[in-house]
$ cat work-v2.csv   # CSV, C-alpha atoms
chain,number,residue,atom,x,y,z
L,1,MET,CA,14.9,6.9,8.7
L,2,PRO,CA,16.4,4.7,11.4
L,3,ALA,CA,15.8,1.0,10.8
L,4,SER,CA,15.2,0.3,14.5
L,5,LYS,CA,11.6,1.3,15.0
L,6,PRO,CA,10.6,3.1,11.9
L,7,LEU,CA,6.9,2.7,12.7
L,8,LEU,CA,7.1,4.6,16.0
L,9,PRO,CA,7.3,8.4,16.0
L,10,GLN,CA,10.7,9.7,15.0
L,11,ALA,CA,11.5,12.9,16.7
L,12,SER,CA,14.2,13.8,14.2
L,13,ARG,CA,11.9,13.9,11.2
L,14,ASP,CA,8.2,13.4,11.9
L,15,HIS,CA,5.4,15.9,12.2
L,16,ILE,CA,4.3,15.3,15.7
L,17,GLN,CA,1.4,16.4,17.9
L,18,GLY,CA,1.6,15.6,21.6
L,19,PRO,CA,4.5,14.4,23.7
L,20,ILE,CA,6.8,11.9,22.0
L,21,ASP,CA,6.9,9.8,25.1
L,22,ALA,CA,3.1,9.8,25.5
L,23,ALA,CA,1.5,6.5,26.6
L,24,SER,CA,0.1,5.9,23.2
L,25,ALA,CA,1.6,6.5,19.8
L,26,LEU,CA,-0.6,6.8,16.7
L,27,VAL,CA,1.0,7.1,13.3
L,28,GLU,CA,-1.2,7.8,10.3
L,29,TYR,CA,-0.2,7.1,6.7
L,30,GLY,CA,-2.5,9.3,4.7
L,31,ASP,CA,-3.4,10.9,1.4
L,32,TYR,CA,-5.0,14.4,1.4
L,33,GLU,CA,-7.2,13.5,-1.6
L,34,CYS,CA,-8.4,10.1,-0.2
L,35,PRO,CA,-12.0,10.2,0.9
L,36,TYR,CA,-11.5,7.6,3.6
L,37,CYS,CA,-8.6,9.8,5.1
L,38,GLY,CA,-11.1,12.7,5.0
L,39,GLU,CA,-13.5,10.6,7.0
L,40,ALA,CA,-10.8,9.7,9.5
L,41,TYR,CA,-9.7,13.4,10.0
L,42,PRO,CA,-12.5,14.4,12.4
L,43,ILE,CA,-12.2,11.1,14.2
L,44,ILE,CA,-8.5,11.7,14.9
L,45,LYS,CA,-9.4,15.2,16.1
L,46,ALA,CA,-11.9,13.8,18.6
L,47,ILE,CA,-9.4,11.3,19.8
L,48,GLN,CA,-6.8,13.9,20.3
L,49,GLU,CA,-9.2,16.0,22.3
L,50,ARG,CA,-10.1,13.0,24.5
L,51,LEU,CA,-6.6,11.8,25.2
L,52,GLY,CA,-4.7,15.1,25.3
L,53,ASP,CA,-1.1,14.6,26.5
L,54,ARG,CA,-1.6,10.9,26.6
L,55,LEU,CA,-1.4,10.7,22.8
L,56,CYS,CA,1.4,11.2,20.4
L,57,PHE,CA,0.1,11.6,16.9
L,58,VAL,CA,2.2,11.5,13.7
L,59,PHE,CA,1.1,12.1,10.1
L,60,ARG,CA,3.1,10.6,7.3
L,61,ASN,CA,2.5,10.9,3.6
L,62,PHE,CA,1.2,8.0,1.5
L,63,PRO,CA,-0.2,9.6,-1.6
L,64,LEU,CA,-1.9,7.3,-4.1
L,65,VAL,CA,-0.9,9.4,-7.1
L,66,ASN,CA,-2.4,7.2,-9.8
L,67,ALA,CA,-5.8,7.3,-8.1
L,68,HIS,CA,-5.6,10.8,-6.8
L,69,PRO,CA,-4.1,13.4,-9.2
L,70,HIS,CA,-3.8,16.2,-6.6
L,71,ALA,CA,-2.4,14.0,-3.8
L,72,GLN,CA,1.3,14.5,-4.5
L,73,HIS,CA,1.2,18.3,-4.7
L,74,ALA,CA,-1.1,18.5,-1.7
L,75,ALA,CA,1.4,16.4,0.3
L,76,GLU,CA,4.3,18.6,-0.8
L,77,ALA,CA,2.3,21.7,0.0
L,78,ALA,CA,1.9,20.5,3.6
L,79,GLU,CA,5.6,19.8,3.8
L,80,ALA,CA,6.4,23.2,2.3
L,81,ALA,CA,4.1,24.8,4.9
L,82,GLY,CA,6.0,22.9,7.5
L,83,VAL,CA,9.2,24.5,6.5
L,84,GLN,CA,7.4,27.8,7.2
L,85,GLY,CA,6.3,26.5,10.5
L,86,LYS,CA,2.6,25.7,9.7
L,87,PHE,CA,2.5,22.0,8.8
L,88,TRP,CA,-0.5,21.1,10.9
L,89,GLU,CA,-2.5,24.2,10.0
L,90,MET,CA,-2.0,23.2,6.3
L,91,HIS,CA,-2.7,19.5,7.0
L,92,ASP,CA,-6.1,20.6,8.6
L,93,LEU,CA,-7.0,22.9,5.8
L,94,LEU,CA,-6.3,20.3,3.1
L,95,PHE,CA,-8.5,17.7,4.8
L,96,GLU,CA,-11.2,20.3,5.3
L,97,ASN,CA,-11.0,21.2,1.5
L,98,GLN,CA,-10.4,17.8,-0.1
L,99,ASN,CA,-12.3,18.8,-3.2
L,100,ALA,CA,-10.2,21.9,-3.9
L,101,LEU,CA,-6.6,20.9,-4.2
L,102,ASP,CA,-5.4,22.5,-7.4
L,103,ASP,CA,-2.1,24.3,-7.2
L,104,GLU,CA,-4.1,27.6,-7.1
L,105,ASP,CA,-6.0,26.4,-4.1
L,106,LEU,CA,-2.8,25.3,-2.4
L,107,ALA,CA,-1.3,28.8,-2.9
L,108,GLN,CA,-4.5,30.3,-1.6
L,109,TYR,CA,-4.4,28.2,1.6
L,110,ALA,CA,-0.8,29.3,2.1
L,111,THR,CA,-1.8,32.9,1.9
L,112,ALA,CA,-4.8,32.3,4.2
L,113,LEU,CA,-2.4,30.9,6.8
L,114,GLY,CA,-0.2,34.0,6.5
L,115,LEU,CA,2.6,32.0,4.7
L,116,ASP,CA,4.6,33.1,1.7
L,117,GLY,CA,2.4,31.5,-0.9
L,118,ARG,CA,4.7,32.3,-3.8
L,119,ARG,CA,7.5,30.5,-2.1
L,120,LEU,CA,5.3,27.6,-1.1
L,121,ILE,CA,4.0,26.9,-4.5
L,122,GLY,CA,7.4,27.5,-6.0
L,123,GLU,CA,8.8,24.7,-3.8
L,124,VAL,CA,5.8,22.4,-4.8
L,125,VAL,CA,6.4,23.0,-8.5
L,126,ALA,CA,10.1,22.6,-8.2
L,127,GLY,CA,9.7,19.3,-6.3
L,128,THR,CA,11.6,20.5,-3.3
L,129,HIS,CA,9.8,18.1,-1.0
L,130,THR,CA,9.2,15.2,-3.4
L,131,GLY,CA,12.0,13.2,-1.8
L,132,ARG,CA,10.7,13.7,1.7
L,133,VAL,CA,7.2,12.6,0.7
L,134,ARG,CA,8.6,9.5,-1.1
L,135,GLU,CA,10.6,8.7,2.0
L,136,ASP,CA,7.4,8.6,4.0
L,137,PHE,CA,5.8,6.5,1.3
L,138,ARG,CA,8.6,4.0,1.3
L,139,SER,CA,8.6,3.6,5.0
L,140,GLY,CA,4.9,2.8,4.9
L,141,ALA,CA,5.3,0.3,2.0
L,142,ARG,CA,8.0,-1.5,4.0
L,143,GLY,CA,6.0,-1.3,7.2
L,144,GLY,CA,2.9,-3.1,6.0
L,145,VAL,CA,0.8,-0.1,4.9
L,146,ASN,CA,-1.7,-1.6,2.5
L,147,GLY,CA,-4.0,1.3,1.7
L,148,THR,CA,-5.1,4.7,3.1
L,149,PRO,CA,-5.6,5.7,5.7
L,150,ALA,CA,-3.4,3.2,7.6
L,151,PHE,CA,-2.9,3.6,11.3
L,152,LEU,CA,-0.2,2.2,13.5
L,153,ILE,CA,-0.7,2.0,17.2
L,154,ASN,CA,2.6,1.8,19.0
L,155,GLY,CA,4.2,0.4,15.9
L,156,VAL,CA,1.5,-2.2,15.1
L,157,ARG,CA,-1.0,-1.8,12.2
L,158,TYR,CA,-4.5,-1.3,13.4
L,159,ASP,CA,-7.0,-3.2,11.2
L,160,GLY,CA,-10.1,-2.4,13.3
L,161,GLU,CA,-13.1,-0.2,12.7
L,162,LEU,CA,-12.5,3.4,12.0
L,163,SER,CA,-14.5,5.1,14.7
L,164,VAL,CA,-13.7,7.2,17.8
L,165,HIS,CA,-14.9,4.4,20.1
L,166,ALA,CA,-12.9,1.6,18.5
L,167,LEU,CA,-9.7,3.6,18.1
L,168,LEU,CA,-9.9,4.9,21.6
L,169,ALA,CA,-10.3,1.4,23.0
L,170,ALA,CA,-7.3,0.2,21.0
L,171,LEU,CA,-5.2,3.2,22.0
L,172,THR,CA,-5.9,2.9,25.7
L,173,GLN,CA,-5.4,-0.9,26.0
L,174,PRO,CA,-2.8,-1.5,28.7
L,175,ASN,CA,0.6,-2.9,27.8
L,176,THR,CA,0.5,-2.3,24.1
L,177,ARG,CA,3.8,-0.6,24.0
R,1,MET,CA,-6.9,-33.9,0.5
R,2,ASN,CA,-10.2,-34.2,-1.3
R,3,ASP,CA,-12.1,-31.3,-2.7
R,4,GLU,CA,-15.0,-31.5,-0.2
R,5,ASN,CA,-12.5,-31.0,2.6
R,6,THR,CA,-10.8,-28.1,0.9
R,7,ILE,CA,-14.0,-26.2,0.4
R,8,GLU,CA,-15.1,-26.9,4.0
R,9,GLN,CA,-11.8,-25.7,5.3
R,10,GLN,CA,-11.8,-22.6,3.1
R,11,LEU,CA,-15.3,-21.7,4.3
R,12,SER,CA,-14.4,-22.1,7.9
R,13,GLY,CA,-11.2,-20.0,7.4
R,14,ARG,CA,-9.0,-22.8,8.4
R,15,HIS,CA,-7.7,-23.5,4.9
R,16,LYS,CA,-4.2,-24.7,5.0
R,17,SER,CA,-2.3,-23.2,2.0
R,18,GLY,CA,-1.1,-25.6,-0.7
R,19,ALA,CA,0.9,-22.8,-2.4
R,20,LEU,CA,4.2,-23.9,-3.9
R,21,PRO,CA,6.9,-23.2,-1.4
R,22,ALA,CA,10.3,-21.4,-1.6
R,23,GLY,CA,12.9,-23.5,-3.4
R,24,THR,CA,10.4,-24.9,-6.0
R,25,ALA,CA,11.0,-24.2,-9.7
R,26,ALA,CA,8.2,-21.8,-10.8
R,27,PRO,CA,6.0,-23.5,-13.4
R,28,ASP,CA,6.2,-21.6,-16.7
R,29,PHE,CA,3.0,-20.4,-18.3
R,30,THR,CA,1.7,-18.2,-21.1
R,31,LEU,CA,-1.3,-16.0,-20.5
R,32,ARG,CA,-2.9,-13.2,-22.3
R,33,SER,CA,-2.4,-9.7,-21.0
R,34,THR,CA,-4.5,-7.9,-23.6
R,35,PRO,CA,-6.8,-9.2,-26.4
R,36,ASP,CA,-3.8,-9.5,-28.7
R,37,GLN,CA,-0.8,-9.9,-26.4
R,38,ALA,CA,0.5,-12.9,-24.4
R,39,VAL,CA,3.1,-12.9,-21.6
R,40,SER,CA,5.2,-15.9,-20.6
R,41,LEU,CA,6.9,-16.2,-17.2
R,42,SER,CA,10.1,-17.3,-19.1
R,43,ASP,CA,10.1,-13.9,-20.8
R,44,PHE,CA,11.4,-12.5,-17.6
R,45,ARG,CA,14.2,-15.0,-17.0
R,46,GLY,CA,17.2,-13.0,-15.7
R,47,GLN,CA,15.2,-10.7,-13.5
R,48,PRO,CA,13.1,-11.3,-10.4
R,49,VAL,CA,9.3,-11.5,-11.0
R,50,VAL,CA,6.5,-10.9,-8.5
R,51,LEU,CA,3.3,-12.9,-9.2
R,52,ALA,CA,0.4,-11.4,-7.4
R,53,PHE,CA,-2.7,-13.7,-7.7
R,54,TYR,CA,-5.9,-12.1,-6.6
R,55,PRO,CA,-9.5,-13.1,-6.5
R,56,ALA,CA,-11.1,-10.5,-8.9
R,57,ASP,CA,-10.9,-7.2,-10.6
R,58,TRP,CA,-13.1,-4.3,-9.3
R,59,SER,CA,-12.5,-4.6,-5.6
R,60,PRO,CA,-14.7,-1.7,-4.2
R,61,VAL,CA,-12.0,0.1,-2.1
R,62,CYS,CA,-9.7,2.9,-3.3
R,63,GLY,CA,-6.6,1.5,-1.7
R,64,ASP,CA,-7.0,-2.0,-3.1
R,65,GLN,CA,-4.1,-4.3,-3.6
R,66,MET,CA,-3.4,-3.8,-7.3
R,67,ALA,CA,-3.7,0.0,-6.9
R,68,LEU,CA,-1.2,-0.2,-4.1
R,69,TYR,CA,1.3,-2.2,-6.2
R,70,ASN,CA,0.9,0.4,-8.9
R,71,GLU,CA,2.1,3.0,-6.5
R,72,ILE,CA,5.0,0.9,-5.3
R,73,LEU,CA,6.2,0.1,-8.9
R,74,PRO,CA,9.1,2.5,-8.7
R,75,GLU,CA,10.4,0.5,-5.7
R,76,PHE,CA,9.9,-2.8,-7.4
R,77,ARG,CA,11.7,-1.7,-10.5
R,78,GLU,CA,14.5,-0.2,-8.5
R,79,LEU,CA,15.1,-3.7,-7.2
R,80,GLY,CA,15.1,-4.9,-10.8
R,81,ALA,CA,11.8,-6.7,-10.5
R,82,GLU,CA,8.7,-6.9,-12.7
R,83,ILE,CA,5.3,-7.5,-11.2
R,84,LEU,CA,2.4,-9.4,-12.8
R,85,GLY,CA,-1.2,-9.5,-11.5
R,86,ILE,CA,-3.1,-12.7,-12.2
R,87,SER,CA,-6.8,-13.4,-11.8
R,88,VAL,CA,-9.4,-15.5,-13.5
R,89,ASP,CA,-11.0,-12.4,-15.1
R,90,GLY,CA,-10.9,-12.2,-18.9
R,91,VAL,CA,-8.7,-9.9,-21.0
R,92,TRP,CA,-11.5,-7.4,-21.6
R,93,CYS,CA,-12.3,-7.1,-18.0
R,94,HIS,CA,-8.6,-6.7,-17.1
R,95,THR,CA,-8.3,-4.0,-19.8
R,96,ALA,CA,-11.2,-2.0,-18.4
R,97,PHE,CA,-10.0,-2.4,-14.8
R,98,SER,CA,-6.5,-1.6,-15.7
R,99,ARG,CA,-7.5,1.6,-17.6
R,100,ASP,CA,-9.8,2.7,-14.8
R,101,ARG,CA,-7.1,2.3,-12.1
R,102,LYS,CA,-4.4,3.6,-14.4
R,103,LEU,CA,-2.3,0.5,-13.8
R,104,HIS,CA,1.2,0.5,-15.2
R,105,PHE,CA,1.9,-3.2,-15.0
R,106,SER,CA,0.3,-6.2,-16.7
R,107,LEU,CA,-2.7,-8.1,-15.5
R,108,LEU,CA,-2.9,-11.7,-16.8
R,109,ALA,CA,-6.1,-13.6,-17.6
R,110,ASP,CA,-6.0,-17.0,-16.1
R,111,PHE,CA,-9.3,-17.5,-17.9
R,112,GLU,CA,-9.2,-20.6,-20.2
R,113,PRO,CA,-8.9,-23.2,-18.9
R,114,LYS,CA,-10.1,-21.3,-15.9
R,115,GLY,CA,-7.6,-21.0,-13.1
R,116,ALA,CA,-5.1,-23.4,-14.7
R,117,VAL,CA,-2.1,-21.4,-13.6
R,118,ALA,CA,-3.4,-20.7,-10.1
R,119,ARG,CA,-4.0,-24.5,-9.8
R,120,ARG,CA,-0.4,-25.2,-10.8
R,121,TYR,CA,0.8,-22.8,-8.1
R,122,GLY,CA,-1.5,-24.4,-5.6
R,123,VAL,CA,-3.6,-21.2,-5.0
R,124,TYR,CA,-6.9,-21.9,-6.7
R,125,ARG,CA,-10.1,-21.7,-4.5
R,126,ALA,CA,-12.3,-24.4,-6.1
R,127,GLY,CA,-15.4,-23.4,-4.1
R,128,GLU,CA,-15.3,-19.8,-5.2
R,129,GLY,CA,-13.8,-20.4,-8.6
R,130,THR,CA,-11.1,-17.7,-8.1
R,131,ALA,CA,-7.4,-17.5,-7.2
R,132,GLU,CA,-6.3,-17.0,-3.6
R,133,ARG,CA,-4.8,-13.7,-2.6
R,134,ALA,CA,-1.3,-15.2,-3.1
R,135,LEU,CA,2.2,-13.7,-3.7
R,136,PHE,CA,5.2,-15.4,-5.2
R,137,VAL,CA,8.6,-13.8,-5.6
R,138,ILE,CA,10.6,-15.7,-8.3
R,139,ASP,CA,14.3,-15.2,-8.6
R,140,SER,CA,16.2,-14.5,-11.9
R,141,GLY,CA,16.8,-18.2,-12.4
R,142,GLY,CA,13.1,-19.0,-12.2
R,143,VAL,CA,13.0,-20.5,-8.7
R,144,ILE,CA,10.4,-19.4,-6.1
R,145,HIS,CA,12.2,-17.4,-3.5
R,146,TRP,CA,9.3,-16.6,-1.3
R,147,SER,CA,5.5,-17.3,-1.3
R,148,TYR,CA,2.7,-16.1,0.8
R,149,VAL,CA,-1.1,-16.7,0.9
R,150,SER,CA,-3.1,-14.0,2.6
R,151,PRO,CA,-6.6,-14.4,4.1
R,152,VAL,CA,-8.7,-13.6,1.0
R,153,GLY,CA,-10.3,-10.5,2.6
R,154,VAL,CA,-7.0,-9.0,3.7
R,155,ASN,CA,-4.8,-6.9,1.5
R,156,PRO,CA,-1.3,-8.2,2.2
R,157,GLY,CA,0.4,-5.0,1.3
R,158,ALA,CA,4.0,-5.0,-0.1
R,159,GLU,CA,6.1,-5.5,3.0
R,160,GLY,CA,6.9,-9.2,2.3
R,161,ILE,CA,7.5,-8.6,-1.4
R,162,LEU,CA,9.9,-5.8,-0.8
R,163,ALA,CA,11.8,-7.8,1.9
R,164,ALA,CA,12.1,-10.8,-0.5
R,165,LEU,CA,13.2,-8.6,-3.4
R,166,GLU,CA,15.8,-6.9,-1.2
R,167,GLU,CA,17.2,-10.3,-0.2
R,168,LEU,CA,17.6,-11.2,-3.8
R,169,HIS,CA,19.1,-7.9,-4.6
R,170,SER,CA,21.7,-8.1,-1.8
R,171,LYS,CA,22.6,-11.6,-2.9
R,172,LYS,CA,23.3,-10.4,-6.4
R,173,GLU,CA,25.2,-7.4,-5.3
R,174,PRO,CA,26.9,-8.1,-2.0
R,175,LYS,CA,27.7,-4.8,-0.2
$ encode --input "work-v2.csv" --output "structure tokens"
Amino acid sequence: MPASKPLLPQASRDHIQGPIDAASALVEYGDYECPYCGEAYPIIKAIQERLGDRLCFVFRNFPLVNAHPHAQHAAEAAEAAGVQGKFWEMHDLLFENQNALDDEDLAQYATALGLDGRRLIGEVVAGTHTGRVREDFRSGARGGVNGTPAFLINGVRYDGELSVHALLAALTQPNTR
Amino acid sequence: MNDENTIEQQLSGRHKSGALPAGTAAPDFTLRSTPDQAVSLSDFRGQPVVLAFYPADWSPVCGDQMALYNEILPEFRELGAEILGISVDGVWCHTAFSRDRKLHFSLLADFEPKGAVARRYGVYRAGEGTAERALFVIDSGGVIHWSYVSPVGVNPGAEGILAALEELHSKKEPK
């Protein structure tokens, strides 16, 4: 990851929704098994709906694997789905099914998305995407992420309230970039 | 500075940290990590040590500070460092907390005399009877390389620790 502005969206590696040069950049460091990330999920959806092309949203992995036994495989499953072109679809499914994240569940979600489930789970078990997930994690640890979910607005950690109203206000403040 | 002042300043959030600064020799200590094991700072001479003072076990959030360091352990160890958590909680409390959070590093009990080590490092909150949320990175020669006191309600993360350890690492092995 380039050392220059690692906390801003990186076109070369990140999973990105919205234009990379949008007025506001929101980077989430999250864990698919973390209940607070689950609470944030519909809030982010609402914000994306409100801001449309004015928002660039990035999701990076920050699995707390000691606290959440399924978080690592879930993260790798989303990355594996990304290789097959459906990262965001898997990201959404995982947050909508936080209580069912066994390997069998992951394979089932892949099939439901029309992906090659056998390949996906094979990659998860083989650790094909472990390095990529760890790279996300390290960038967060070095960037001041202190728990999940962590949000960075235009490269600066957001410590405010986790609500549509508060996040929208922070994202649409002028001259924050 | 008298105690009354300190408490007042702490309560108003304007407390000026008295934490031992960089360049100070780290005071040695021996504290219990389990009911039948003790750990001394000098045991780690020859490698960097991170001391993470924190107010109390059983913080109610899932991404708490000790849980975070637990996840970042591979990075700390890659940089040759060991990390020790220190609070005024007793060994049985630490044992239960550590087991619950599946921690893979030691928590030390600064329990008797209460907060004695935190006091020597200048990070005891007399009003509350707990340690500050304070971080010290100690080099392999036992000298404090970096210290930081976080507002007590704010999880300081690992950014500063990693930066300090990387500095020590690059000094040791110039590239």
$ closest_atom_pairs --input "work-v2.csv" --of "region 72-168 of chain R" --to "region 37-42 of chain R" --cutoff "9 Å" --atoms "only C-alpha atoms" --output "tab-separated table"
residue	atom	partner	partner_atom	distance
R:Ser106	CA	R:Val39	CA	8.8
R:Leu108	CA	R:Val39	CA	7.8
R:Gly142	CA	R:Ser42	CA	7.7
$ interface_residues --input "work-v2.csv" --of "chain L" --to "chain R" --cutoff "12 Å" --atoms "all atoms listed in the file" --output "ChimeraX atom specification"
/L:29-31,33-37,62-69,72,134-135,137-150,157,159
$ closest_residue --input "work-v2.csv" --among "R:Ala109, R:Leu165, R:Ala56, R:Ala25" --to "Glu82 (chain R)" --atoms "only C-alpha atoms"
R:Leu165
$ residues_around --input "work-v2.csv" --residues "Arg45 (chain R)" --least-positions-apart "4" --cutoff "12 Å" --atoms "all atoms listed in the file" --output "PyMOL selection string"
chain R and resi 26+28+40-41+49+80-82+138-143
$ write_last_selection --input "work-v2.csv" --atoms "C-alpha atoms" --output "PDB file, keeping the file's coordinate frame"
ATOM      1  CA  ALA R  26       8.200 -21.800 -10.800  1.00  0.00           C
ATOM      2  CA  ASP R  28       6.200 -21.600 -16.700  1.00  0.00           C
ATOM      3  CA  SER R  40       5.200 -15.900 -20.600  1.00  0.00           C
ATOM      4  CA  LEU R  41       6.900 -16.200 -17.200  1.00  0.00           C
ATOM      5  CA  VAL R  49       9.300 -11.500 -11.000  1.00  0.00           C
ATOM      6  CA  GLY R  80      15.100  -4.900 -10.800  1.00  0.00           C
ATOM      7  CA  ALA R  81      11.800  -6.700 -10.500  1.00  0.00           C
ATOM      8  CA  GLU R  82       8.700  -6.900 -12.700  1.00  0.00           C
ATOM      9  CA  ILE R 138      10.600 -15.700  -8.300  1.00  0.00           C
ATOM     10  CA  ASP R 139      14.300 -15.200  -8.600  1.00  0.00           C
ATOM     11  CA  SER R 140      16.200 -14.500 -11.900  1.00  0.00           C
ATOM     12  CA  GLY R 141      16.800 -18.200 -12.400  1.00  0.00           C
ATOM     13  CA  GLY R 142      13.100 -19.000 -12.200  1.00  0.00           C
ATOM     14  CA  VAL R 143      13.000 -20.500  -8.700  1.00  0.00           C
TER      15      VAL R 143
END
$ atom_distance --input "work-v2.csv" --atom1 "CA of Asp116 (chain L)" --atom2 "CA of Gly82 (chain L)"
11.8 Å
$ closest_residue --input "work-v2.csv" --among "R:Ser170, R:Thr95, R:Ser87, R:Ser147" --to "Lys114 (chain R)" --atoms "only C-alpha atoms"
R:Ser87
$ closest_residue --input "work-v2.csv" --among "L:Ala46, L:Ala11, L:Ala22, L:Ala75" --to "Leu168 (chain L)" --atoms "all atoms listed in the file"
L:Ala46
$ atom_distance --input "work-v2.csv" --atom1 "CA of Thr24 (chain R)" --atom2 "CA of Arg133 (chain R)"
19.2 Å
$ residues_around --input "work-v2.csv" --residues "Ser163 (chain L)" --least-positions-apart "2" --cutoff "8 Å" --atoms "only C-alpha atoms" --output "ChimeraX atom specification"
/L:40,43,161,165-167
